[in-house]
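S.K.: For reference, the structure I am asking about is given below.
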Amino acid sequence: MENENIGAMNSPQDDDWTMIIRPKRGLLDINMHELWRYRDLIMLFVKRDFVAKYKQTILGPLWFIIQPLLTTLMFTVVFGNIAGISTNGIPKMLFYLSGIVGWTYFSTCLNDTSQTFVKNASIFGKVYFPRLALPISIVISNLVSFFIQFIFLLCFLFYFMAVGSDIAPNINVLLIPVLIVLIAGLGLGFGIIISSLTTKYRDLTNLVTFGVTLWMYATPIIYPMSGIPEKYRIFVLANPMTPIVETFKTALLGVGEINYLQLLYSFGFTVAVLVAGVIIFNKVEKTFMDTV
Amino acid sequence: MSKIIIKLEDISKQYRLGVVGTGTLSHDLNRFFAKIRGKEDPTRKVGVSNRLDTIDGQYVWALRDINLEVGEGEVLGIVGKNGAGKSTLLKLLSRVTAPTTGNIKVKGRIASLLEVGTGFHPELTGRENVYLNGAILGMTKKEIDSKYEEIIEFSGVKKYAETPVKRYSSGMYVRLAFAVAAHLEPEILIIDEVLAVGDADFQKKAIGKMQSVSRSGRTVLFVSHNLTAVEQLCTKGILMQNGTITLRGNVHDITSAYKKISVNENDLKRSGTRLIEFQDYRMTNMEGTKIDEVFLGDDFMVSTVAKANENIDYTDLSLDIRNDSNEFVGHITNADDLFEIKKVDKGDTISVSVTVKNISLAPGTYYISIWLGNSYGTMDYIENCMRFSIKQGDKFILRPYPFDKRAKIVLQSKWNFK
């Protein structure tokens with residue numbers, strides 16, 4: 001009883017509302033505080049994704065490794081041996097795998113977050129929580145799989161170093177955490193922009209899946225930067241993923257050099273996409289249930 | 001009146017009809033151009049009020065100019081027919097979607113139960129789902145930790161806490177889901193029909209839990225078609241019709257007003273060939289005065305007037321009586337009394353009345369349906385067209401306590417003791 005009285009005394013005045021629901025909210029009115037309050041939910045979503053994905057599978061988490069491994073083998077055969085594309089003297093498997101691991105993180109982030117609204121309409125329609133919690137949880141759970149694949153890549157790397165291949169991981173590996181953040185930011189940014197637009201116009205969902213595949217060919221995954229004819233260079237360089245993937249490979253394999261200006265461009269691009277994404281997402285999340 | 005904890009100011013909500021996705025781009029462009037020229041949104045004008053049968057615009061107002069204040073600790077029942085805007089109102093309050101106009105001001109945390117088990121994942125165990133669902137509903141991990149034992153205990157699935165919920169029976173699933181929801185502790189709780197789950201036993205438990213929640217001083221908004229549950233839980237109520245609040249007050253006034261509109265409006269289910277049809281029907285006392293309430297053990301009359309549209313050789317007339325839960329509890333027909341209705345000529349009008357003696361159905365609310373027909377089929381059938389209630393009175397039951405709610409009929413009895 002006493003507690004109640006204290007509560008009443010401290011209670012807000014008549015105009016002191018804890019929450020006001022308005023038809024529209026300001027462009028930058030983003031409630032990061034609330035998102036933080038729901039951090040437990042984000043981690044539980046991550047856990048759910050993880051558990052649900054590999055329950056009732058025989059190989060379980062091995063699937064994290066099988067996928068990049070088979071893709072690497074395929075690329076080695078098709079692009080390396082049949083088409084004969086140069087890998088700048090780096091062992092083919094290692095060259096492709098390092099590209100694939102980075103790219104997979106980007107493409108899964110983009111693909112998965114781009115379906116945020118459509119896939120979770122049934123939850124969103126019944127209960128409120130900060131909608132950004134879901135795409136963020138997707139980025140985090142994909143980060144976990146990225147780490148597993150990254151460790152797998154390191155094993156490969158050490159093996160090739162042991163057998164005396166000409167590769168030299170260098171001080172630039174310190175940049176890798178930054179690269180990971182950039183990849184996550186780009187994937188998340190593009191993903192939530194697309195997910196916001198698909199609430200009304202579903203056309204984009206069709207574009208995303210094969211669009212991401214095409215995008216990969218515009219990124220130096222299966223070919224080195226040096227192998228690009230001069231007149232196409234500008235297109236590959238306009239791709240914000242290019243400097244990220246290049247830096248990633250250079251840091252681990254020690255071939256090529258890092259262009260900080262290009263990396264800065266990727267950074268700027270990521271920030272712009274992320275800000276635009278959060279603004280659009282924030283605007284759509286209030287009423288998307290009416291149109292989804 | 002206590003402190004205002006929820007305040008709705010001129011809330012309206014507009015929905016677009018039909019298939020979204022075709023033509024929306026042109027609508028959006030239209031809106032956009034109107035906006036940059038500083039004109040009023042062109043789609044606002046075409047909205048019609050929410051009469052589901054008279055829609056001719058492309059937009060509909062699901063809610064129109066709602067103003068409402070809810071005080072702290074109030075347990076408010078929201079009743080209304082399908083499409084009256086109840087669920088839309090709850091969706092706005094639970095922030096699932098935003099209003100088109102107006103503001104909602106709230107003090108304190110809101111948790112909404114528009115459904116139980118939101119976000120349950122079949123592959124996760126009972127324990128994992130409790131945590132996930134609790135977090136979705138707004139609890140932190142710490143809060144769930146402290147209530148976990150209680151939740152599992154309440155749900156009665158303790159043995160299966162480490163089993164994936166896809167192996168649960170649907171009853172266990174619902175019980176676990178409800179248990180999580182029931183242990184939320186927000187200042188404001190919004191509930192939509194979730195009590196309509198589980199078996200009778202569990203519903204009882206659920207209602208009991210809800211009652212204790214509502215008595216704990218929390219503010220509760222409760223939407224249901226189950227008027228008994230509304231009356232049990234709520235003290236105040238609002239009645240919604242066509243997107244507006246038409247009545248606000250004591251819960252019993254609200255439910256009885258709702259019962260009236262739900263019978264009076266032209267949505268009576270009527271079927272048959274109409275070779276002969278009812279023109280009038282009424283329930284009266286033995287003096288012929290129209291009534292909608294009798295005492296247990298009383299006699300009453302149902303009088304009907306019917307007109308023949310063709311020559312009718314013979315017809316039977318019967319009354320069906322159903323209770324509040326739509327259970328068939330009584331049937332009266334002229335044939336049982338060897339009374340015959342024969343040779344009605346085209347254009348003739350007949351009046352038939354029947355007296356029901358010593359009504360001994362348990363006190364409660366009942367609906368009478370009337371039927372005209374013969375071995376060739378139904379000629380006119382009007383479902384649940386008369387509503388009446390039976391009060392306990394003192395004819396059959398002498399002690400001043402309510403009759404046991406579980407029983408459906410009252411048996412007359414005589415006691416001996418030696």
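Labels for the structure tokens follow display order: chains A, B, ..., residues from 1 in each chain, ligands from 1.
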Could you please write out, as a ChimeraX atom specification, every residue of range 204-325 of chain B that DSSP assigns to strand (DSSP E)?

M.R.: /B:219-223,236-241,244-250,270-271,276-284,293-295,300-308,312-323

S.K.: Restrict the selected residues to C-alpha atoms and save them as a tab-separated table (two decimals), in the first residue's frame.

M.R.:
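Saved the output as selection37.tsv:
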```
chain	number	residue	atom	x	y	z
B	219	THR	CA	-6.04	-0.94	-16.45
B	220	VAL	CA	-7.52	-3.49	-18.81
B	221	LEU	CA	-9.23	-3.09	-22.16
B	222	PHE	CA	-11.12	-6.20	-23.12
B	223	VAL	CA	-12.81	-6.97	-26.42
B	236	LYS	CA	-17.39	-0.23	-17.41
B	237	GLY	CA	-17.97	-0.65	-21.10
B	238	ILE	CA	-18.27	1.03	-24.44
B	239	LEU	CA	-20.49	0.03	-27.33
B	240	MET	CA	-19.12	0.50	-30.83
B	241	GLN	CA	-21.17	0.75	-34.00
B	244	THR	CA	-17.84	5.18	-33.56
B	245	ILE	CA	-18.52	4.85	-29.87
B	246	THR	CA	-22.27	5.04	-29.43
B	247	LEU	CA	-22.53	4.35	-25.74
B	248	ARG	CA	-20.28	4.46	-22.71
B	249	GLY	CA	-21.21	3.48	-19.22
B	250	ASN	CA	-21.83	0.69	-16.77
B	270	ARG	CA	-34.32	-15.88	-42.57
B	271	SER	CA	-34.85	-18.66	-45.04
B	276	ILE	CA	-46.54	-18.62	-46.35
B	277	GLU	CA	-44.59	-16.09	-44.33
B	278	PHE	CA	-44.53	-14.53	-40.90
B	279	GLN	CA	-45.74	-10.98	-40.75
B	280	ASP	CA	-45.54	-10.43	-37.05
B	281	TYR	CA	-44.39	-12.29	-33.99
B	282	ARG	CA	-44.24	-11.32	-30.37
B	283	MET	CA	-43.75	-12.73	-26.95
B	284	THR	CA	-46.35	-11.66	-24.42
B	293	GLU	CA	-38.46	-11.16	-19.37
B	294	VAL	CA	-40.23	-13.88	-17.41
B	295	PHE	CA	-39.77	-15.49	-14.04
B	300	PHE	CA	-46.06	-16.88	-21.38
B	301	MET	CA	-47.38	-16.72	-24.93
B	302	VAL	CA	-45.79	-16.46	-28.34
B	303	SER	CA	-48.19	-15.03	-30.91
B	304	THR	CA	-47.53	-15.05	-34.62
B	305	VAL	CA	-49.31	-13.66	-37.63
B	306	ALA	CA	-48.62	-15.25	-41.00
B	307	LYS	CA	-49.86	-14.55	-44.51
B	308	ALA	CA	-50.23	-17.15	-47.26
B	312	ILE	CA	-51.51	-24.01	-48.47
B	313	ASP	CA	-52.91	-27.48	-47.68
B	314	TYR	CA	-51.35	-27.73	-44.28
B	315	THR	CA	-48.43	-26.32	-42.39
B	316	ASP	CA	-46.74	-26.89	-39.09
B	317	LEU	CA	-45.43	-24.14	-36.87
B	318	SER	CA	-42.66	-24.65	-34.40
B	319	LEU	CA	-40.56	-22.69	-31.97
B	320	ASP	CA	-36.95	-23.47	-31.16
B	321	ILE	CA	-35.38	-22.14	-28.03
B	322	ARG	CA	-31.64	-21.66	-27.80
B	323	ASN	CA	-29.55	-20.40	-24.93
```

S.K.: As a VMD selection string, please: the residues near range 382-384 of chain B (cut-off 8 Å, only C-alpha atoms, same-chain neighbours under 5 positions excluded).

M.R.: chain B and resid 263 268 to 271 322 367 to 371

S.K.: Return the neighbours of chain B among the residues of chain A, cut-off 10 Å, counting only C-alpha atoms, as a PyMOL selection string.

M.R.: chain A and resi 8+11-25+37-45+47-49+51-56+120+122-130+199-203+285-292

S.K.: Kindly give the distance, in Å, that separates CA of Lys166 in chain B and CA of Pro135 in chain A, rounded to a single decimal.

M.R.: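 About the pair CA of Lys166 in chain B and CA of Pro135 in chain A: they are 25.5 Å apart.
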
S.K.: With only C-alpha atoms as the basis for distance, which of A:Phe117, A:Trp103, A:Phe156, A:Phe190 is at the shortest distance from Ala272 in chain A?

M.R.: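 Checking each candidate against Ala272 in chain A, we get A:Phe190 as the closest.
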
S.K.: What's the separation between CA of Ser214 in chain B and CA of Ala181 in chain B, in Å to one decimal place?

M.R.: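 Taking CA of Ser214 in chain B as the start and CA of Ala181 in chain B as the end point, the length is 13.9 Å.
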
S.K.: Determine, counting only C-alpha atoms, which protein, DNA and RNA residues have an atom within 12 Å of an atom of Gly84 in chain A; residues of the same chain fewer than 6 positions away are not included. Present the result as a PDB file with N, CA and C atoms, in the first residue's frame.

M.R.:
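Saved to result.pdb:
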```pdb
ATOM      1  N   PHE A  75      33.583 -23.167 -58.377  1.00  0.00           N
ATOM      2  CA  PHE A  75      34.246 -22.022 -59.002  1.00  0.00           C
ATOM      3  C   PHE A  75      35.635 -22.417 -59.502  1.00  0.00           C
ATOM      4  N   THR A  76      36.336 -23.237 -58.690  1.00  0.00           N
ATOM      5  CA  THR A  76      37.673 -23.653 -59.081  1.00  0.00           C
ATOM      6  C   THR A  76      37.627 -24.400 -60.404  1.00  0.00           C
ATOM      7  N   VAL A  77      36.643 -25.303 -60.508  1.00  0.00           N
ATOM      8  CA  VAL A  77      36.536 -26.086 -61.738  1.00  0.00           C
ATOM      9  C   VAL A  77      36.117 -25.207 -62.901  1.00  0.00           C
ATOM     10  N   VAL A  78      35.025 -24.446 -62.709  1.00  0.00           N
ATOM     11  CA  VAL A  78      34.452 -23.709 -63.840  1.00  0.00           C
ATOM     12  C   VAL A  78      35.299 -22.501 -64.229  1.00  0.00           C
ATOM     13  N   LYS A  92      44.018 -21.281 -56.295  1.00  0.00           N
ATOM     14  CA  LYS A  92      42.644 -20.994 -56.728  1.00  0.00           C
ATOM     15  C   LYS A  92      41.629 -21.159 -55.610  1.00  0.00           C
ATOM     16  N   ILE A 222      35.383 -13.732 -58.440  1.00  0.00           N
ATOM     17  CA  ILE A 222      35.931 -14.814 -59.265  1.00  0.00           C
ATOM     18  C   ILE A 222      37.055 -14.320 -60.160  1.00  0.00           C
ATOM     19  N   TYR A 223      37.335 -13.031 -60.107  1.00  0.00           N
ATOM     20  CA  TYR A 223      38.467 -12.510 -60.888  1.00  0.00           C
ATOM     21  C   TYR A 223      39.186 -11.466 -60.040  1.00  0.00           C
ATOM     22  N   GLY A 227      42.600  -8.064 -63.422  1.00  0.00           N
ATOM     23  CA  GLY A 227      42.190  -8.719 -64.653  1.00  0.00           C
ATOM     24  C   GLY A 227      41.107  -7.977 -65.410  1.00  0.00           C
TER      25      GLY A 227
END
```

S.K.: Check the DSSP output for the backbone and give back, as a VMD selection string, the residues of range 194-398 of chain B in alpha helix (DSSP H).

M.R.: chain B and resid 200 to 215 227 to 233 251 to 264

S.K.: Please report the interatomic distance between CA of Asn259 in chain A and CA of Thr247 in chain A in Å with one decimal.

M.R.: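 Distance between the two atoms: 8.0 Å.
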
S.K.: Tell me, as JSON, numbers by chain, which residues lie within 10 Å of Gly99 in chain A, counting only C-alpha atoms; anything in the same chain fewer than 3 positions away does not count.

M.R.: {"A": [68, 72, 94, 95, 96, 102, 103, 104, 216, 219, 220, 221, 222, 223, 245, 246, 248, 249]}

S.K.: I need the residue nearest Leu62 in chain A from this list: A:Phe281, A:Phe152, A:Gln262, A:Ile30. Use only C-alpha atoms for the distance.

M.R.: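 When distances to Leu62 in chain A are compared using only C-alpha atoms, the smallest one comes from A:Phe152.
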